[in-house]
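Q: Sending over data-v8.cif (mmCIF, C-alpha atoms).
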data_coords
loop_
_atom_site.label_atom_id
_atom_site.label_comp_id
_atom_site.auth_asym_id
_atom_site.auth_seq_id
_atom_site.Cartn_x
_atom_site.Cartn_y
_atom_site.Cartn_z
CA MET A 1 -7.80 -8.97 -9.72
CA THR A 2 -9.11 -12.09 -7.92
CA ILE A 3 -9.17 -11.96 -4.12
CA SER A 4 -9.29 -15.27 -2.24
CA LEU A 5 -11.63 -16.09 0.64
CA ASP A 6 -8.60 -16.07 2.94
CA HIS A 7 -7.90 -12.48 1.98
CA VAL A 8 -11.55 -11.52 2.60
CA LEU A 9 -11.58 -13.11 6.08
CA ARG A 10 -8.26 -11.44 6.86
CA ALA A 11 -9.66 -8.04 5.81
CA ILE A 12 -12.71 -8.54 8.07
CA ASP A 13 -10.42 -9.27 11.03
CA GLN A 14 -8.54 -6.06 10.33
CA ILE A 15 -11.62 -3.81 10.49
CA PRO A 16 -11.17 -1.56 13.56
CA THR A 17 -13.86 -1.19 16.20
CA HIS A 18 -14.95 2.15 17.66
CA ASN A 19 -16.22 2.43 21.22
CA VAL A 20 -14.93 5.74 22.61
CA ILE A 21 -17.25 8.63 21.87
CA GLY A 22 -16.58 12.36 21.92
CA PHE A 23 -18.40 15.45 20.72
CA VAL A 24 -17.24 18.28 18.49
CA ASP A 25 -16.76 21.37 20.62
CA SER A 26 -15.16 23.89 18.26
CA VAL A 27 -13.20 24.26 15.05
CA LYS A 28 -10.21 26.61 14.87
CA GLY A 29 -8.25 26.73 11.68
CA LEU A 30 -7.25 23.20 10.72
CA SER A 31 -7.82 21.63 14.15
CA ILE A 32 -11.09 20.40 15.67
CA ALA A 33 -11.54 20.44 19.45
CA VAL A 34 -13.44 17.39 20.73
CA ARG A 35 -14.82 16.90 24.26
CA ILE A 36 -13.79 13.50 25.62
CA ASP A 37 -13.92 11.65 28.91
CA SER A 38 -11.69 8.63 28.43
CA SER A 39 -8.06 7.70 28.93
CA ALA A 40 -8.30 5.28 25.99
CA VAL A 41 -7.62 8.08 23.51
CA SER A 42 -3.98 8.96 22.80
CA ILE A 43 -1.85 10.93 20.35
CA GLY A 44 -2.19 9.25 16.96
CA SER A 45 -5.56 7.63 17.73
CA GLN A 46 -7.64 7.23 14.59
CA CYS A 47 -11.23 8.44 14.60
CA TYR A 48 -14.14 9.54 12.47
CA ILE A 49 -16.73 12.29 12.84
CA GLN A 50 -20.32 11.31 12.09
CA CYS A 51 -21.41 14.33 10.09
CA ASN A 52 -24.92 14.11 8.64
CA GLN A 53 -24.80 10.92 6.56
CA GLN A 54 -21.03 10.81 6.04
CA LYS A 55 -17.98 9.82 8.04
CA ILE A 56 -15.02 12.21 8.10
CA TYR A 57 -11.87 10.40 9.21
CA GLY A 58 -9.12 12.03 11.24
CA GLU A 59 -6.39 11.62 13.84
CA VAL A 60 -5.67 12.95 17.31
CA VAL A 61 -2.79 15.44 17.18
CA GLY A 62 -2.97 17.07 20.61
CA PHE A 63 -4.69 17.44 24.00
CA ASP A 64 -5.75 20.17 26.37
CA ALA A 65 -7.40 19.03 29.64
CA TYR A 66 -10.58 17.18 28.57
CA LYS A 67 -10.33 18.17 24.94
CA ALA A 68 -8.63 16.30 22.14
CA PHE A 69 -7.51 18.17 19.03
CA ILE A 70 -8.00 16.24 15.83
CA MET A 71 -7.26 16.95 12.20
CA THR A 72 -9.06 15.34 9.28
CA TYR A 73 -7.61 13.45 6.34
CA HIS A 74 -10.08 15.09 4.00
CA SER A 75 -12.06 18.32 3.96
CA SER A 76 -13.79 19.25 7.23
CA HIS A 77 -16.60 21.15 5.50
CA GLY A 78 -20.03 20.42 6.97
CA ILE A 79 -18.92 19.58 10.53
CA HIS A 80 -21.34 20.91 13.19
CA PRO A 81 -20.91 21.54 16.95
CA GLY A 82 -22.02 18.46 18.85
CA ASP A 83 -21.29 15.96 16.06
CA HIS A 84 -20.34 12.55 17.44
CA VAL A 85 -16.70 11.46 17.21
CA PHE A 86 -15.80 7.75 17.38
CA PHE A 87 -12.25 6.67 18.24
CA GLU A 88 -10.56 3.41 17.26
CA ASN A 89 -9.36 1.17 20.07
CA GLN A 90 -6.32 -0.29 18.28
CA PRO A 91 -3.05 1.11 16.89
CA SER A 92 -2.83 2.23 13.28
CA CYS A 93 -1.28 -0.53 11.13
CA VAL A 94 -0.99 -1.54 7.49
CA TYR A 95 -1.04 -5.08 6.08
CA PRO A 96 1.11 -4.96 2.90
CA ASP A 97 1.32 -7.84 0.46
CA GLU A 98 3.58 -8.92 -2.40
CA SER A 99 0.66 -8.40 -4.81
CA TRP A 100 0.81 -4.64 -4.18
CA LYS A 101 3.71 -4.29 -6.62
CA GLY A 102 2.71 -2.20 -9.61
CA ARG A 103 -0.05 -0.38 -7.69
CA VAL A 104 -0.61 3.30 -6.92
CA LEU A 105 -2.16 4.14 -3.53
CA ASN A 106 -3.05 7.19 -1.50
CA ALA A 107 -1.71 7.86 1.99
CA LEU A 108 -4.46 5.70 3.55
CA PHE A 109 -3.51 2.68 1.37
CA GLU A 110 -6.58 3.09 -0.85
CA PRO A 111 -5.93 2.27 -4.54
CA ILE A 112 -6.22 5.24 -6.88
CA ASP A 113 -5.17 3.50 -10.12
CA ASP A 114 -8.53 1.91 -11.06
CA LYS A 115 -7.04 -1.60 -10.91
CA GLY A 116 -9.36 -2.97 -8.27
CA SER A 117 -9.04 -3.71 -4.57
CA LEU A 118 -5.86 -4.61 -2.72
CA ALA A 119 -5.37 -8.02 -1.15
CA PRO A 120 -4.34 -7.51 2.51
CA GLY A 121 -1.30 -9.32 3.85
CA ALA A 122 -1.05 -11.26 7.10
CA THR A 123 1.64 -9.21 8.87
CA PRO A 124 0.70 -5.89 10.56
CA ILE A 125 3.25 -3.09 10.21
CA PRO A 126 2.76 -0.07 12.54
CA ILE A 127 2.45 3.22 10.66
CA HIS A 128 4.51 4.94 13.35
CA ASN A 129 7.22 2.31 13.65
CA VAL A 130 10.57 2.61 15.40
CA PRO A 131 13.97 2.11 13.73
CA PRO A 132 15.88 -1.15 14.28
CA SER A 133 18.31 -1.21 17.19
CA SER A 134 21.57 0.48 16.28
CA PHE A 135 23.52 -2.44 17.82
CA LEU A 136 21.63 -5.09 15.85
CA ARG A 137 21.74 -3.41 12.46
CA GLN A 138 23.96 -4.75 9.71
CA LYS A 139 26.93 -2.68 8.60
CA VAL A 140 26.66 -0.64 5.41
CA LYS A 141 29.37 -2.00 3.13
CA LYS A 142 28.17 -3.58 -0.15
CA PRO A 143 28.24 -1.13 -3.11
CA ILE A 144 25.16 -0.90 -5.30
CA ASP A 145 24.62 -0.04 -8.95
CA VAL A 146 22.09 2.80 -9.30
CA GLY A 147 22.37 3.13 -13.08
CA VAL A 148 23.57 6.75 -13.04
CA ARG A 149 27.21 7.30 -14.09
CA ALA A 150 27.87 10.36 -11.92
CA ILE A 151 26.58 8.60 -8.77
CA ASN A 152 28.11 5.19 -9.52
CA THR A 153 31.60 6.66 -9.82
CA PHE A 154 31.89 9.91 -7.87
CA LEU A 155 29.24 9.16 -5.21
CA THR A 156 29.30 5.36 -4.91
CA CYS A 157 26.49 4.21 -2.61
CA CYS A 158 25.97 1.08 -0.54
CA GLU A 159 22.98 -1.11 0.29
CA GLY A 160 21.17 0.45 3.22
CA GLN A 161 22.60 3.92 2.68
CA ARG A 162 20.41 7.03 3.00
CA MET A 163 21.13 9.81 0.52
CA GLY A 164 19.58 13.23 0.08
CA ILE A 165 19.03 14.92 -3.29
CA PHE A 166 19.12 18.67 -2.67
CA ALA A 167 17.87 21.11 -5.30
CA GLY A 168 15.63 24.05 -6.02
CA SER A 169 12.46 23.70 -8.08
CA GLY A 170 12.83 22.72 -11.73
CA VAL A 171 16.43 21.46 -11.54
CA GLY A 172 15.68 17.78 -12.18
CA LYS A 173 14.95 16.08 -8.84
CA SER A 174 11.99 14.03 -10.08
CA THR A 175 13.80 13.01 -13.27
CA LEU A 176 16.79 11.77 -11.28
CA MET A 177 14.40 9.88 -8.98
CA SER A 178 12.83 8.15 -11.98
CA MET A 179 16.30 7.10 -13.23
CA LEU A 180 16.93 5.49 -9.85
CA ALA A 181 13.49 3.83 -9.79
CA ARG A 182 14.06 2.06 -13.11
CA GLN A 183 17.22 0.36 -11.82
CA GLN A 184 16.72 -3.41 -11.59
CA SER A 185 19.31 -4.16 -8.86
CA PHE A 186 16.64 -3.90 -6.12
CA ASP A 187 13.91 -6.42 -5.26
CA VAL A 188 11.23 -3.77 -4.87
CA CYS A 189 10.97 0.02 -5.10
CA VAL A 190 8.66 2.01 -2.81
CA ILE A 191 8.02 5.56 -4.02
CA GLY A 192 6.36 8.31 -1.98
CA LEU A 193 5.22 11.44 -3.82
CA ILE A 194 4.47 13.94 -1.06
CA GLY A 195 2.78 17.22 -1.89
CA GLU A 196 3.32 16.63 -5.60
CA ARG A 197 1.54 18.77 -8.20
CA GLY A 198 -1.56 16.83 -9.25
CA LYS A 199 -1.04 17.26 -12.99
CA GLU A 200 2.46 15.76 -12.77
CA VAL A 201 1.54 12.49 -11.04
CA ARG A 202 0.32 10.74 -14.19
CA ASP A 203 3.23 12.18 -16.18
CA PHE A 204 5.65 10.74 -13.62
CA ILE A 205 4.00 7.30 -13.67
CA GLU A 206 3.51 6.90 -17.42
CA ASP A 207 6.32 8.93 -18.98
CA THR A 208 9.07 9.39 -16.41
CA LEU A 209 8.82 6.09 -14.49
CA GLY A 210 7.38 4.00 -17.31
CA GLU A 211 5.76 0.59 -17.35
CA GLU A 212 8.98 -1.28 -16.53
CA GLY A 213 9.72 0.98 -13.58
CA LEU A 214 6.19 0.68 -12.19
CA LYS A 215 6.14 -3.11 -12.51
CA HIS A 216 8.42 -3.65 -9.50
CA SER A 217 7.31 -0.52 -7.61
CA ILE A 218 4.62 0.54 -5.14
CA MET A 219 3.65 4.21 -5.19
CA ILE A 220 2.13 6.31 -2.43
CA VAL A 221 0.74 9.60 -3.74
CA SER A 222 -0.46 12.66 -1.82
CA THR A 223 -0.95 15.76 -3.95
CA SER A 224 -0.43 19.36 -2.85
CA ASN A 225 -4.17 20.07 -2.57
CA GLU A 226 -4.67 17.41 0.10
CA THR A 227 -4.74 18.14 3.82
CA PRO A 228 -1.49 18.40 5.79
CA LEU A 229 -2.45 15.20 7.63
CA MET A 230 -2.62 13.29 4.34
CA ARG A 231 0.72 14.73 3.17
CA ARG A 232 2.36 13.81 6.45
CA GLN A 233 0.75 10.36 6.41
CA ALA A 234 2.13 9.69 2.92
CA ALA A 235 5.68 9.74 4.29
CA TYR A 236 4.81 7.36 7.14
CA SER A 237 2.93 5.05 4.75
CA THR A 238 5.86 4.93 2.33
CA MET A 239 8.26 3.97 5.09
CA ALA A 240 5.88 1.36 6.59
CA ILE A 241 5.57 -0.49 3.25
CA ALA A 242 9.35 -0.37 2.77
CA GLU A 243 9.81 -1.86 6.25
CA TYR A 244 7.50 -4.76 5.41
CA PHE A 245 9.58 -5.80 2.41
CA ARG A 246 12.81 -5.24 4.35
CA ASP A 247 11.58 -7.65 7.02
CA GLN A 248 10.90 -10.20 4.26
CA GLY A 249 14.66 -10.18 3.58
CA MET A 250 14.43 -8.02 0.45
CA ASN A 251 16.75 -5.29 -0.78
CA VAL A 252 14.39 -2.29 -0.92
CA LEU A 253 14.82 1.03 -2.71
CA CYS A 254 12.79 3.77 -1.01
CA LEU A 255 12.34 7.06 -2.87
CA MET A 256 10.64 10.02 -1.20
CA ASP A 257 9.86 13.24 -3.05
CA THR A 258 10.03 15.45 -1.06
CA ILE A 259 10.90 15.38 2.63
CA THR A 260 10.58 19.18 2.60
CA ARG A 261 6.83 19.00 1.93
CA PHE A 262 6.55 16.46 4.77
CA ALA A 263 8.19 19.08 7.01
CA MET A 264 5.81 21.76 5.71
CA ALA A 265 2.83 19.53 6.52
CA MET A 266 4.24 18.97 10.01
CA ARG A 267 4.59 22.75 10.36
CA GLU A 268 0.92 23.29 9.50
CA ILE A 269 -0.13 20.62 12.00
CA GLY A 270 2.13 21.94 14.77
CA LEU A 271 1.06 25.55 14.39
CA SER A 272 -2.63 24.53 14.31
CA VAL A 273 -2.39 22.92 17.76
CA GLY A 274 -0.56 25.90 19.24
CA GLU A 275 3.12 24.98 19.02
CA PRO A 276 5.46 27.99 19.11
CA PRO A 277 7.11 28.78 15.76
CA THR A 278 10.90 28.84 15.61
CA VAL A 279 13.19 29.38 12.61
CA LYS A 280 11.16 30.14 9.44
CA GLY A 281 7.97 29.26 11.31
CA TYR A 282 8.86 25.60 11.87
CA PRO A 283 7.83 24.38 15.36
CA PRO A 284 10.21 22.19 17.40
CA SER A 285 8.23 19.01 16.61
CA VAL A 286 9.32 19.17 12.95
CA PHE A 287 13.01 18.88 13.84
CA ALA A 288 12.20 16.12 16.33
CA GLU A 289 10.22 14.15 13.73
CA LEU A 290 12.73 14.30 10.87
CA PRO A 291 15.27 11.90 12.43
CA LYS A 292 12.47 9.58 13.56
CA ILE A 293 11.27 8.95 10.03
CA LEU A 294 14.66 9.04 8.28
CA GLU A 295 16.25 6.63 10.77
CA ARG A 296 13.63 4.05 9.82
CA ALA A 297 15.46 3.66 6.52
CA GLY A 298 18.87 2.04 6.36
CA PRO A 299 20.21 -1.47 7.01
CA GLY A 300 17.96 -3.96 8.75
CA GLU A 301 18.87 -6.33 11.54
CA GLU A 302 20.99 -9.39 10.82
CA GLY A 303 19.08 -11.85 8.66
CA LYS A 304 16.77 -9.22 7.20
CA GLY A 305 17.01 -6.92 4.20
CA ASN A 306 17.93 -3.27 3.75
CA ILE A 307 16.17 -0.04 2.88
CA THR A 308 18.33 2.08 0.59
CA ALA A 309 16.73 5.52 0.64
CA PHE A 310 16.99 8.54 -1.63
CA VAL A 311 14.99 11.50 -0.37
CA THR A 312 14.70 14.79 -2.18
CA VAL A 313 15.01 18.10 -0.37
CA LEU A 314 13.43 21.15 -1.98
CA VAL A 315 15.74 23.98 -0.94
CA ASP A 316 14.03 27.33 -0.49
CA GLY A 317 15.37 29.90 -2.95
CA ASP A 318 18.34 27.63 -3.82
CA ASP A 319 19.62 28.21 -0.27
CA HIS A 320 21.23 24.89 0.68
CA ASN A 321 21.66 26.08 4.27
CA GLU A 322 17.99 26.72 4.97
CA PRO A 323 16.67 24.99 8.15
CA ILE A 324 15.16 21.80 6.71
CA ALA A 325 18.04 21.19 4.29
CA ASP A 326 20.54 21.76 7.08
CA ALA A 327 18.72 19.40 9.47
CA VAL A 328 18.26 16.62 6.88
CA ARG A 329 21.88 16.85 5.70
CA GLY A 330 23.05 16.13 9.24
CA ILE A 331 20.90 12.99 9.49
CA LEU A 332 21.60 11.31 6.14
CA ASP A 333 24.65 9.37 4.95
CA GLY A 334 25.49 11.77 2.16
CA HIS A 335 24.02 14.39 -0.14
CA ILE A 336 23.71 14.94 -3.87
CA ILE A 337 23.60 18.62 -4.83
CA LEU A 338 21.77 19.51 -8.04
CA SER A 339 23.00 22.88 -9.31
CA ARG A 340 20.84 25.34 -11.22
CA HIS A 341 24.05 26.78 -12.68
CA ILE A 342 24.87 23.37 -14.21
CA ALA A 343 21.26 22.78 -15.35
CA ILE A 344 21.26 26.11 -17.21
CA LYS A 345 24.22 24.82 -19.23
CA GLY A 346 22.08 21.86 -20.31
CA ARG A 347 23.94 19.13 -18.43
CA PHE A 348 21.58 16.63 -16.79
CA PRO A 349 21.56 15.22 -14.22
CA ALA A 350 22.87 18.55 -12.93
CA ILE A 351 24.98 17.03 -10.13
CA ASP A 352 27.63 19.28 -8.60
CA ILE A 353 30.38 16.70 -8.09
CA LEU A 354 32.56 18.84 -5.83
CA LYS A 355 29.75 19.83 -3.45
CA SER A 356 28.20 16.36 -3.23
CA ILE A 357 29.44 13.57 -0.98
CA SER A 358 28.77 9.93 -0.16
CA ARG A 359 29.89 9.17 3.38
CA THR A 360 30.44 5.49 2.60
CA MET A 361 33.35 6.35 0.30
CA PRO A 362 36.12 5.29 0.03
CA HIS A 363 35.29 2.22 2.15
CA CYS A 364 32.95 0.73 -0.47
CA GLN A 365 35.28 1.39 -3.42
CA LYS A 366 38.19 -0.61 -4.75
CA PRO A 367 41.53 1.21 -4.19
CA GLU A 368 42.05 1.69 -7.94
CA HIS A 369 38.55 3.19 -8.28
CA TYR A 370 39.20 5.57 -5.40
CA GLN A 371 42.36 6.82 -7.10
CA LEU A 372 40.48 7.40 -10.36
CA VAL A 373 37.83 9.49 -8.60
CA LYS A 374 40.47 11.42 -6.66
CA GLN A 375 42.37 12.32 -9.86
CA ALA A 376 39.16 13.26 -11.70
CA LYS A 377 38.09 15.54 -8.86
CA ASN A 378 41.48 17.25 -8.93
CA TYR A 379 40.99 18.06 -12.62
CA ILE A 380 37.41 19.27 -12.06
CA SER A 381 38.46 21.42 -9.10
CA THR A 382 41.38 22.96 -11.03
CA TYR A 383 39.09 23.84 -13.94
CA GLU A 384 36.49 25.36 -11.63
CA ASP A 385 39.14 27.63 -10.09
CA ILE A 386 40.26 28.90 -13.49
CA GLU A 387 36.91 28.77 -15.35
CA ASP A 388 36.16 32.51 -15.27
CA LEU A 389 39.60 33.36 -16.68
CA VAL A 390 39.17 30.79 -19.46
CA ARG A 391 35.79 32.21 -20.42
CA LEU A 392 37.18 35.76 -20.51
CA GLY A 393 40.15 34.63 -22.59
CA ALA A 394 42.56 35.81 -19.89
CA TYR A 395 44.31 32.44 -19.59
CA GLN A 396 47.00 31.62 -22.13
CA GLU A 397 47.55 27.96 -23.00
CA GLY A 398 50.93 26.67 -21.84
CA HIS A 399 51.12 28.83 -18.74
CA SER A 400 50.37 25.83 -16.48
CA LYS A 401 50.57 22.17 -17.46
CA GLU A 402 48.01 21.14 -14.82
CA VAL A 403 45.52 23.81 -15.94
CA ASP A 404 45.95 22.76 -19.57
CA LYS A 405 45.13 19.17 -18.58
CA ALA A 406 42.10 20.31 -16.59
CA ILE A 407 40.74 22.31 -19.55
CA ALA A 408 41.19 19.36 -21.90
CA PHE A 409 39.73 16.97 -19.30
CA GLN A 410 36.61 19.12 -19.04
CA LYS A 411 35.76 18.39 -22.68
CA ASP A 412 35.65 14.64 -21.95
CA ILE A 413 34.18 14.60 -18.44
CA VAL A 414 31.10 16.71 -19.28
CA PRO A 415 29.70 14.10 -21.74
CA PHE A 416 30.56 11.38 -19.19
CA LEU A 417 28.54 13.13 -16.46
CA SER A 418 25.65 13.83 -18.83
CA GLN A 419 23.03 11.11 -19.16
CA HIS A 420 19.60 10.84 -20.78
CA SER A 421 16.82 10.06 -18.34
CA HIS A 422 16.07 6.69 -20.02
CA GLU A 423 19.72 5.67 -20.39
CA GLN A 424 20.87 2.93 -18.00
CA THR A 425 24.53 2.26 -17.24
CA PHE A 426 26.45 -0.28 -15.16
CA ILE A 427 28.94 0.53 -12.43
CA ASP A 428 31.80 -1.60 -13.82
CA ASP A 429 31.43 -0.02 -17.26
CA ASP A 430 31.28 3.44 -15.68
CA PHE A 431 34.60 3.02 -13.86
CA LYS A 432 36.16 1.53 -17.00
CA THR A 433 35.12 4.57 -19.05
CA LEU A 434 36.33 6.98 -16.35
CA GLY A 435 39.67 5.12 -16.25
CA GLU A 436 40.06 5.49 -20.02
CA ILE A 437 39.44 9.24 -19.75
CA ILE A 438 42.00 9.61 -16.95
CA GLU A 439 44.55 7.48 -18.82
CA LYS A 440 44.25 9.75 -21.82
CA PHE A 441 45.74 12.64 -19.82
CA SER A 442 48.13 10.81 -17.49
CA HIS A 443 51.03 10.78 -20.00
CA GLN A 444 50.61 14.32 -21.33
#
Translate this file's structure into structure tokens.
A:
Amino acid sequence: MTISLDHVLRAIDQIPTHNVIGFVDSVKGLSIAVRIDSSAVSIGSQCYIQCNQQKIYGEVVGFDAYKAFIMTYHSSHGIHPGDHVFFENQPSCVYPDESWKGRVLNALFEPIDDKGSLAPGATPIPIHNVPPSSFLRQKVKKPIDVGVRAINTFLTCCEGQRMGIFAGSGVGKSTLMSMLARQQSFDVCVIGLIGERGKEVRDFIEDTLGEEGLKHSIMIVSTSNETPLMRRQAAYSTMAIAEYFRDQGMNVLCLMDTITRFAMAMREIGLSVGEPPTVKGYPPSVFAELPKILERAGPGEEGKGNITAFVTVLVDGDDHNEPIADAVRGILDGHIILSRHIAIKGRFPAIDILKSISRTMPHCQKPEHYQLVKQAKNYISTYEDIEDLVRLGAYQEGHSKEVDKAIAFQKDIVPFLSQHSHEQTFIDDDFKTLGEIIEKFSHQ
């Protein structure tokens, strides 16, 4: 990749200066206590520890009198008492650029794909940004095509909507995310893999996402072996890049897998600085931080673009009412439930239609489409109520006309809801097919 002189000069201007000095006092667990004597240091201040011949970068996460507690982005091995600590004197920002599409970065915006350096952009975006004003935001109203039949029809989404994908491990969250990422109806896709298993990152990029999906995407990767500060930072970095493209007037798809591991990283950080644990060990700061980051997604102000977000939630023990899942569900504009019971039957994506909801429906659907979905859900609900009796052979055909229709409907709707991970569909075709299935049973 060729980098112009303008990009080089811009990068030099963006190099932070360090003029506040502290000294390592003690190390307890994941946090490092640093003696300071300056009011220029604040929560979130970036710093580095001069340890022997290397620099170990970190961030201020707490205070106690004349001590600052910092955590490092990488391993803290080798730090000694009395080591010098240098603090940056400017806020933490990123300078994204259009040329970043197709690249894979870590949480500190360093390329990890062996494709050379990144050209910095001209516009600084704060890592810890604030959401747009609720009174200036555009309304969520235009339906989008996500390329997945079950979502297009039963859970129709809009530009700027924020949806959660809730599931236990191994039920198909990442595969569904890759199906969404390959959809071409967005200008750019920003993907954050937070706490992902290291061996699966390359599989996701090369096999699941594919070359076409990566071409219009930017990926932020933080694997499970990295420090909690890096895992937390990956979520902020993902959102900051999405905000840059939104402010350029683009329609952005932001995928985050998973917000649960972001919460776990926040838990490790909070407990390390002495926060009291609450439900399941999560300190209060976790539940305060979740809406701050999720509210950054959504519609932009008038004249700007939107961030349509799909975030996955790893539910603990398939308990969809566990604390993080419960908190996230109350913040987002809908939820997609992936059921292990459905996955065991071999139907993928394993979306539980009756337990999932898009809060923008029916306002973003045509009246005739809304009626189709309503009728289909009635059939699915009727079959679910009688399913055990059908399996046991206790139901006799002809006993109920509605039940007979629901049983017959099930044979057609299951293939409709099933979809190969590399199969792309279109929303108009999806509603047409659903209408044909409904019409088949309307005159029986």
Q: Might you spell out which residues the PyMOL selection byres ((chain A and resi 403) around 12) would select in the displayed file, as a VMD selection string?
A: chain A and resid 378 to 387 389 to 390 395 to 402 404 to 410 441
Q: Excluding same-chain residues fewer than 2 positions from Val104 (chain A), what lies within 8 Å of it counting all atoms listed in the file, as a ChimeraX atom specification?
A: /A:102,106,111-113,218-221
Q: Would you list the contacts of Thr433 (chain A) as a VMD selection string, taking every protein, DNA or RNA residue within 12 Å and counting all atoms listed in the file, but skipping same-chain residues closer than 4 positions in sequence?
A: chain A and resid 149 to 150 152 to 153 369 372 to 373 412 to 413 415 to 417 425 to 429 437 to 440
Q: Just how far from CA of Ala350 (chain A) is CA of Lys215 (chain A), in Å to one decimal?
A: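 Pair CA of Lys215 (chain A) / CA of Ala350 (chain A) returns 27.4 Å.
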Q: I would like the residues chosen by the PyMOL selection byres ((chain A and resi 57-70) around 10) on the shown file; could you give them as a VMD selection string?
A: chain A and resid 22 to 28 30 to 39 41 to 50 54 to 56 71 to 76 85 to 88 229 to 230 269 to 270 272 to 274
Q: By how many Å are CA of Tyr244 (chain A) and CA of Ile127 (chain A) apart?
A: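 Computing the Euclidean distance for CA of Tyr244 (chain A) and CA of Ile127 (chain A) yields 10.8 Å.
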Q: Applied to the shown file, which residues does the PyMOL selection byres ((chain A and resi 143) around 7) return, written as an MDAnalysis selection string?
A: chainID A and resid 141:142 144:145 156:159 364
Q: Can you tell me how far CA of Asn52 (chain A) sits from CA of His80 (chain A), in Å to one decimal?
A: 8.9 Å
Q: Within 12 Å of (12.9, 20.1, -5.8), all atoms listed in the file: residues as an MDAnalysis selection string?
A: chainID A and resid 164:177 193:197 256:261 311:320 325 337:340
Q: Give as a list of chain:residue names the set of residues within 6 Å of the point (13.2, 1.0, 2.3), where distances use the file's coordinates and all atoms listed in the file.
A: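 The residues that fall inside the cut-off are A:Ala242, A:Glu243, A:Val252, A:Leu253, A:Cys254, A:Ala297, A:Ile307, A:Thr308, A:Ala309.
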